[in-house]
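For reference, the structure is listed below as structure tokens.
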Amino acid sequence: MSNDARYITTPIYYVNDRPHIGHVYTTTLCDVYARAMRMQDFDLFFLTGTDEHGVKVEQSALAKGVTPQELADENSAEFRSIMESFHLTNDDFIRTTAPSHMSQVQHFVTKLLESGDVYLGTFEGWYDEGQEEYHTETNARDLDYTSPISGKPLVRATEQNYYFKLSKYQTAIEALYQSNPAFVRPESRRNEMLGRLREGLQDVPISRTNFSWGIPMPNDEEHVIYVWIDALFNYITGLGLGDVDGEWYKERKKYWPATYHVVGKEILWFHSIIWPAVLMALDLPLPKCIYAHSFWISEGRKMSKSLGNFIDLEKIESYVNEYGSDAWRYYLVTQGPLGATDADFAAEKFHDIYNAHLVNTIGNCASRVTAMIQKYFDGALPSEYNGDDRYTLGGVDWPSRCADAVERWQHSMDAFELDKAIHAAMDLIRDVDLFINDTAPFKLAKDETKQGELGAILYQCLETLRIASTMLKPLLPEKMEAFHQAIGITNKSDAGCNTLDWGYLKSGTAIQKVALYPRIEMSAAT
Ligand code: ME8
């Protein structure tokens with residue numbers, strides 16, 4: 001991987017469910033990061049897709065009277081279409097039923113068989129049928145022998161299967177967690193995994209014989225590869241790492257190892273223990289960070305179809321139609337469960353955040369500044385200097401204030417601290433508002449002799465807003481681009497689209513008055 005290459009992934013989503021807020025959330029987080037990196041000219045690859053094998057897909061297809069492939073095609077297409085309709089800028093959309101993925105998985109499993117990391121053996125354990133996951137005795141006891149997801153009892157199961165020698169990697173995984181404390185984030189999730197590591201790692205089955213909808217074991221057609229192993233490999237098959245002839249995705253190999261695998265907390269075990277051990281067994285570099293966010297709940301309760309608080313695709317669309325796609329992204333990313341605790345999706349809170357942050361802060365400040373340039377300078381951007389020193393105006397050194405905010409933004413984006421990155425931009429906007437109150441340009445406008453000072457103040461305000469809006473563009477692409485258009489950045493290839501350096505705007509540029517986010521009354525629709 002070159003220094004400039006970055007690779008971010010979402011989980012690949014099960015096709016036996018329809019897309020909902022959880023899927024859109026994780027993908028939106030990755031989208032914000034991807035856009036921010038591309039904006040800074042990093043060579044970035046963003047992968048999402050669908051997880052299409054397994055007993056659940058086979059059973060749902062049977063119940064519907066279609067083939068598993070037909071069901072997978074239909075539901076995968078729906079996931080793919082949300083990426084497009086929500087302007088999620090993934091570079092590819094991987095499907096685990098694609099021949100390129102399947103043959104690479106077989107290649108990797110063959111290597112694991114050859115190295116002895118995969119062997120045939122017998123297993124007995126507590127099995128969660130809904131999740132297709134085994135639990136250790138201790139874990140099963142803690143869960144009261146019931147599935148934490150479906151609430152159904154765990155069943156005692158015995159199988160002859162192929163196993164992955166996870167136990168062999170106990171010391172290596174412990175060393176990984178010690179030497180790289182940021183391998184799993186946030187810290188509370190890392191601590192959970194450390195706790196499970198202390199229980200000791202046991203070998204895990206990686207094949208099944210109780211259904212056929214999966215990738216066959218390369219040496220034994222009776223067995224299909226366990227859906228979780230099949231799915232984890234997507235992160236490297238999508239880059240062609242298992243392509244023996246080297247023809248597939250040649251140009252993508254440079255993106256490995258991943259910068260971030262972003263996942264929900266419920267699948268952290270697979271990503272932060274099993275996946276690195278598999279990669280170690282294959283002698284491949286490890287991802288830099290597994291970031292596990294928490295869950296959305298809705299109106300104070302776990303989302304459920306029967307409670308009627310489920311945020312499904314139709315519900316999401318009603319918010320996007322009413323408030324706009326920027327507002328949806330803003331709420332998701334700034335109010336979502338990025339940290340250790342679950343977050344509540346509530347209609348009233350959505351409405352309040354929209355009004356307080358988008359209407360009253362960003363929208364109001366942009367309209368205030370552009371309106372004054374219209375009114376006092378006929379819409380032509382005045383000069384940055386007032387003859388003397390611009391820094392004496394209101395006591396704020398705006399170029400260095402902006403440079404500090406940009407540095408904070410860059411650092412936070414890089415560290416996937418999206419909330420902090422957004423704060424850096426929002427704080428700038430709030431400071432512009434305070435600066436206007438302090439310097440009172442509307443009073444200066446009444447004094448003919450203060451024209452230079454008035455112009456210089458408005459220049460500082462607009463240039464600062466341009467920089468803040470550029471930092472917000474990965475989150476609010478629609479309206480920040482509209483704002484750029486209104487302040488004379490009309491060409492998408494224009495350096496002004498992305499530059500975070502002070503002084504891009506030139507005096508004399510025609511500035512239009514903007515109204516970015518309309519005030520909206522709360523309706524019953526959402
Ligand atoms: O687990 N809040 O797929 P999946 C926030 N195929 N995020 C949520 C959420 C919620 N309430 N519900 C779901 C699978 N998510 C496997 C993954 S990866 C190699 C295989 C998001 O369709 C979150 O990212 O059940 C979670 O990890 C993912 O959707 C699970 O999607």
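The chains in the structure tokens are called A, B, ... from first to last as shown; in each chain the residues are counted from 1, and the ligands are counted from 1 in the order shown.
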Under the rule of at most 10 Å, produce a per-residue listing of region 225-283 of chain A near region 414-433 of chain A: chain, number, name, the closest pair of atoms, and the distance in Å, as CSV, using only C-alpha atoms.
residue,atom,partner,partner_atom,distance
A:Thr259,CA,A:Asp414,CA,9.6
A:Tyr260,CA,A:Phe416,CA,8.5
A:Val262,CA,A:Phe416,CA,9.7
Under the rule of at most 6 Å, produce a per-residue listing of chain A near ligand 1: chain, number, name, the closest pair of atoms, and the distance in Å, as CSV, using only C-alpha atoms and all ligand atoms.
residue,atom,partner,partner_atom_place_in_ligand_line,distance
A:Pro11,CA,ligand 1,18 (S),3.8
A:Ile12,CA,ligand 1,18 (S),4.6
A:Tyr13,CA,ligand 1,22 (O),3.5
A:Tyr14,CA,ligand 1,22 (O),3.9
A:Gly22,CA,ligand 1,8 (C),3.2
A:His23,CA,ligand 1,29 (O),4.5
A:Thr26,CA,ligand 1,24 (O),5.0
A:Asp51,CA,ligand 1,6 (N),5.0
A:Ala231,CA,ligand 1,19 (C),4.4
A:Leu232,CA,ligand 1,19 (C),4.0
A:Val263,CA,ligand 1,24 (O),4.4
A:Gly264,CA,ligand 1,27 (O),3.3
A:Ile267,CA,ligand 1,27 (O),5.7
A:Phe295,CA,ligand 1,2 (N),3.5
A:Trp296,CA,ligand 1,2 (N),3.9
Using all heavy atoms, can you export the residues from the last selection as a compact mmCIF listing (two decimals), in the first residue's frame?
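The file below, part.txt, is the result:
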# COMPACT_ATOMS: atom_id res chain seq x y z
N PRO A 11 -19.62 -3.82 6.32
CA PRO A 11 -19.94 -5.25 6.27
C PRO A 11 -20.66 -5.50 4.94
O PRO A 11 -21.21 -4.56 4.36
CB PRO A 11 -20.92 -5.45 7.43
CG PRO A 11 -20.80 -4.24 8.28
CD PRO A 11 -20.36 -3.13 7.40
N ILE A 12 -20.66 -6.73 4.49
CA ILE A 12 -21.52 -7.01 3.33
C ILE A 12 -22.84 -7.50 3.91
O ILE A 12 -22.86 -8.28 4.87
CB ILE A 12 -20.87 -7.97 2.32
CG1 ILE A 12 -20.30 -9.21 3.01
CG2 ILE A 12 -19.81 -7.24 1.52
CD1 ILE A 12 -19.86 -10.28 2.01
N TYR A 13 -23.93 -7.02 3.36
CA TYR A 13 -25.23 -7.18 4.01
C TYR A 13 -25.95 -8.45 3.54
O TYR A 13 -25.87 -8.82 2.36
CB TYR A 13 -26.09 -5.94 3.74
CG TYR A 13 -25.36 -4.67 4.19
CD1 TYR A 13 -25.00 -3.67 3.29
CD2 TYR A 13 -24.99 -4.52 5.53
CE1 TYR A 13 -24.30 -2.54 3.70
CE2 TYR A 13 -24.30 -3.39 5.95
CZ TYR A 13 -23.95 -2.40 5.04
OH TYR A 13 -23.26 -1.30 5.46
N TYR A 14 -26.66 -9.07 4.48
CA TYR A 14 -27.41 -10.30 4.15
C TYR A 14 -28.55 -9.99 3.20
O TYR A 14 -29.32 -9.05 3.44
CB TYR A 14 -28.02 -10.89 5.42
CG TYR A 14 -27.06 -11.62 6.32
CD1 TYR A 14 -27.06 -11.39 7.69
CD2 TYR A 14 -26.19 -12.58 5.81
CE1 TYR A 14 -26.19 -12.09 8.54
CE2 TYR A 14 -25.33 -13.27 6.65
CZ TYR A 14 -25.33 -13.02 8.00
OH TYR A 14 -24.49 -13.70 8.83
N GLY A 22 -29.83 0.73 9.68
CA GLY A 22 -28.52 0.22 10.11
C GLY A 22 -27.57 0.11 8.93
O GLY A 22 -26.41 0.53 8.99
N HIS A 23 -28.08 -0.46 7.83
CA HIS A 23 -27.23 -0.63 6.64
C HIS A 23 -26.85 0.73 6.06
O HIS A 23 -25.71 0.97 5.68
CB HIS A 23 -27.95 -1.47 5.58
CG HIS A 23 -28.48 -2.77 6.11
ND1 HIS A 23 -29.79 -3.14 5.99
CD2 HIS A 23 -27.86 -3.76 6.79
CE1 HIS A 23 -29.96 -4.33 6.56
NE2 HIS A 23 -28.81 -4.72 7.05
N THR A 26 -24.10 2.57 8.41
CA THR A 26 -22.69 2.16 8.28
C THR A 26 -22.13 2.62 6.94
O THR A 26 -21.00 3.10 6.84
CB THR A 26 -22.55 0.63 8.41
OG1 THR A 26 -23.34 0.20 9.51
CG2 THR A 26 -21.10 0.22 8.64
N ASP A 51 -23.92 -10.27 1.12
CA ASP A 51 -23.52 -11.58 1.63
C ASP A 51 -24.67 -12.52 1.26
O ASP A 51 -25.76 -12.39 1.81
CB ASP A 51 -23.40 -11.40 3.16
CG ASP A 51 -22.84 -12.61 3.87
OD1 ASP A 51 -22.61 -13.62 3.21
OD2 ASP A 51 -22.63 -12.50 5.10
N ALA A 231 -17.86 -14.82 3.75
CA ALA A 231 -18.13 -13.38 3.75
C ALA A 231 -16.89 -12.55 4.09
O ALA A 231 -16.62 -11.53 3.47
CB ALA A 231 -19.26 -13.07 4.72
N LEU A 232 -16.14 -13.00 5.10
CA LEU A 232 -14.97 -12.20 5.51
C LEU A 232 -13.98 -12.05 4.36
O LEU A 232 -13.33 -11.01 4.21
CB LEU A 232 -14.27 -12.86 6.70
CG LEU A 232 -14.98 -12.70 8.05
CD1 LEU A 232 -14.39 -13.65 9.09
CD2 LEU A 232 -14.90 -11.25 8.56
N VAL A 263 -17.82 -1.79 11.09
CA VAL A 263 -18.84 -2.83 11.32
C VAL A 263 -19.71 -2.45 12.51
O VAL A 263 -19.36 -1.56 13.28
CB VAL A 263 -18.18 -4.21 11.62
CG1 VAL A 263 -17.33 -4.68 10.46
CG2 VAL A 263 -17.34 -4.16 12.90
N GLY A 264 -20.83 -3.15 12.67
CA GLY A 264 -21.63 -3.00 13.88
C GLY A 264 -21.03 -3.86 14.99
O GLY A 264 -20.32 -4.84 14.72
N ILE A 267 -20.89 -7.92 15.23
CA ILE A 267 -20.08 -8.82 14.40
C ILE A 267 -18.58 -8.55 14.59
O ILE A 267 -17.76 -8.91 13.75
CB ILE A 267 -20.48 -8.73 12.90
CG1 ILE A 267 -20.39 -7.30 12.37
CG2 ILE A 267 -21.89 -9.27 12.69
CD1 ILE A 267 -20.68 -7.20 10.87
N PHE A 295 -25.52 0.56 18.14
CA PHE A 295 -26.76 0.35 17.39
C PHE A 295 -27.71 1.54 17.45
O PHE A 295 -27.77 2.25 18.44
CB PHE A 295 -27.48 -0.88 17.94
CG PHE A 295 -27.18 -2.12 17.16
CD1 PHE A 295 -25.95 -2.27 16.51
CD2 PHE A 295 -28.10 -3.14 17.06
CE1 PHE A 295 -25.67 -3.40 15.77
CE2 PHE A 295 -27.83 -4.29 16.32
CZ PHE A 295 -26.62 -4.42 15.68
N TRP A 296 -28.46 1.68 16.39
CA TRP A 296 -29.61 2.59 16.43
C TRP A 296 -30.74 1.88 17.13
O TRP A 296 -31.03 0.72 16.83
CB TRP A 296 -30.09 2.92 15.01
CG TRP A 296 -29.30 3.98 14.33
CD1 TRP A 296 -28.38 3.78 13.34
CD2 TRP A 296 -29.37 5.39 14.57
NE1 TRP A 296 -27.86 4.99 12.98
CE2 TRP A 296 -28.44 5.99 13.70
CE3 TRP A 296 -30.11 6.19 15.44
CZ2 TRP A 296 -28.23 7.37 13.68
CZ3 TRP A 296 -29.90 7.57 15.41
CH2 TRP A 296 -28.98 8.14 14.54
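You will find CA of Tyr255 (chain A) at 12.2 Å from CA of Asp91 (chain A).
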I'd like a table as CSV: residues in region 245-360 of chain A with an atom no more than 12 Å from region 470-474 of chain A, each row giving the shortest atom pair and its distance in Å to one decimal, only C-alpha atoms counted, sorted by chain and rising residue number.
residue,atom,partner,partner_atom,distance
A:Asp326,CA,A:Lys473,CA,9.6
A:Arg329,CA,A:Pro474,CA,9.9
A:Tyr330,CA,A:Leu472,CA,9.8
A:Val333,CA,A:Pro474,CA,11.2
A:Thr334,CA,A:Leu472,CA,11.9
A:Leu358,CA,A:Leu472,CA,11.3
Let's see if you can do this: from backbone DSSP, list all alpha helix (DSSP H) residues in region 230-468 of chain A, as a ChimeraX atom specification.
/A:230-232,234-237,268-269,275-281,313-323,325-335,347-353,364-377,398-414,418-439,441-444,451-468
task = Check the DSSP output for the backbone and give back, as a count of residues only, the residues of region 240-412 of chain A in strand (DSSP E).
result = 15
Mind checking which residues fall within 10 Å of Glu221 (chain A), counting only C-alpha atoms, ignoring those fewer than 4 positions away in the same chain, and posting them as a list in words? Thr209, Ser212, Ile215, Pro216, Met217 and Ile225 of chain A
With N, CA, C and O atoms kept, could you save the residues just selected as a compact mmCIF listing (two decimals), in the first residue's frame?
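Okay, again.txt is ready:
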# COMPACT_ATOMS: atom_id res chain seq x y z
N THR A 209 -22.56 -29.13 6.48
CA THR A 209 -23.09 -30.15 5.58
C THR A 209 -24.62 -30.14 5.58
O THR A 209 -25.25 -30.89 4.86
N SER A 212 -26.87 -26.64 1.19
CA SER A 212 -25.96 -26.68 0.04
C SER A 212 -25.70 -25.31 -0.58
O SER A 212 -24.87 -25.19 -1.47
N ILE A 215 -20.35 -21.96 -1.02
CA ILE A 215 -19.21 -22.30 -1.87
C ILE A 215 -18.69 -23.68 -1.42
O ILE A 215 -18.41 -23.87 -0.23
N PRO A 216 -18.59 -24.65 -2.34
CA PRO A 216 -18.13 -25.98 -1.92
C PRO A 216 -16.69 -25.94 -1.40
O PRO A 216 -15.89 -25.14 -1.88
N MET A 217 -16.40 -26.79 -0.39
CA MET A 217 -15.01 -26.95 0.04
C MET A 217 -14.23 -27.44 -1.18
O MET A 217 -14.69 -28.35 -1.87
N ILE A 225 -18.58 -24.09 2.44
CA ILE A 225 -17.82 -23.22 3.33
C ILE A 225 -18.79 -22.36 4.14
O ILE A 225 -19.73 -21.79 3.59
Surrounding residues of Gly503 (chain A) excluding itself and chain neighbours under 2 positions, 7 Å, only C-alpha atoms, as a PDB file with N, CA and C atoms, in the first residue's frame:
ATOM      1  N   GLU A 463     -14.879  34.006   3.173  1.00  0.00           N
ATOM      2  CA  GLU A 463     -13.776  33.058   2.938  1.00  0.00           C
ATOM      3  C   GLU A 463     -13.762  31.980   4.033  1.00  0.00           C
ATOM      4  N   ASP A 501      -7.052  25.963   1.819  1.00  0.00           N
ATOM      5  CA  ASP A 501      -6.113  27.062   2.126  1.00  0.00           C
ATOM      6  C   ASP A 501      -6.842  28.394   2.091  1.00  0.00           C
ATOM      7  N   LEU A 505     -10.903  32.856  -2.569  1.00  0.00           N
ATOM      8  CA  LEU A 505     -11.888  33.765  -3.176  1.00  0.00           C
ATOM      9  C   LEU A 505     -11.225  35.089  -3.560  1.00  0.00           C
TER      10      LEU A 505
END
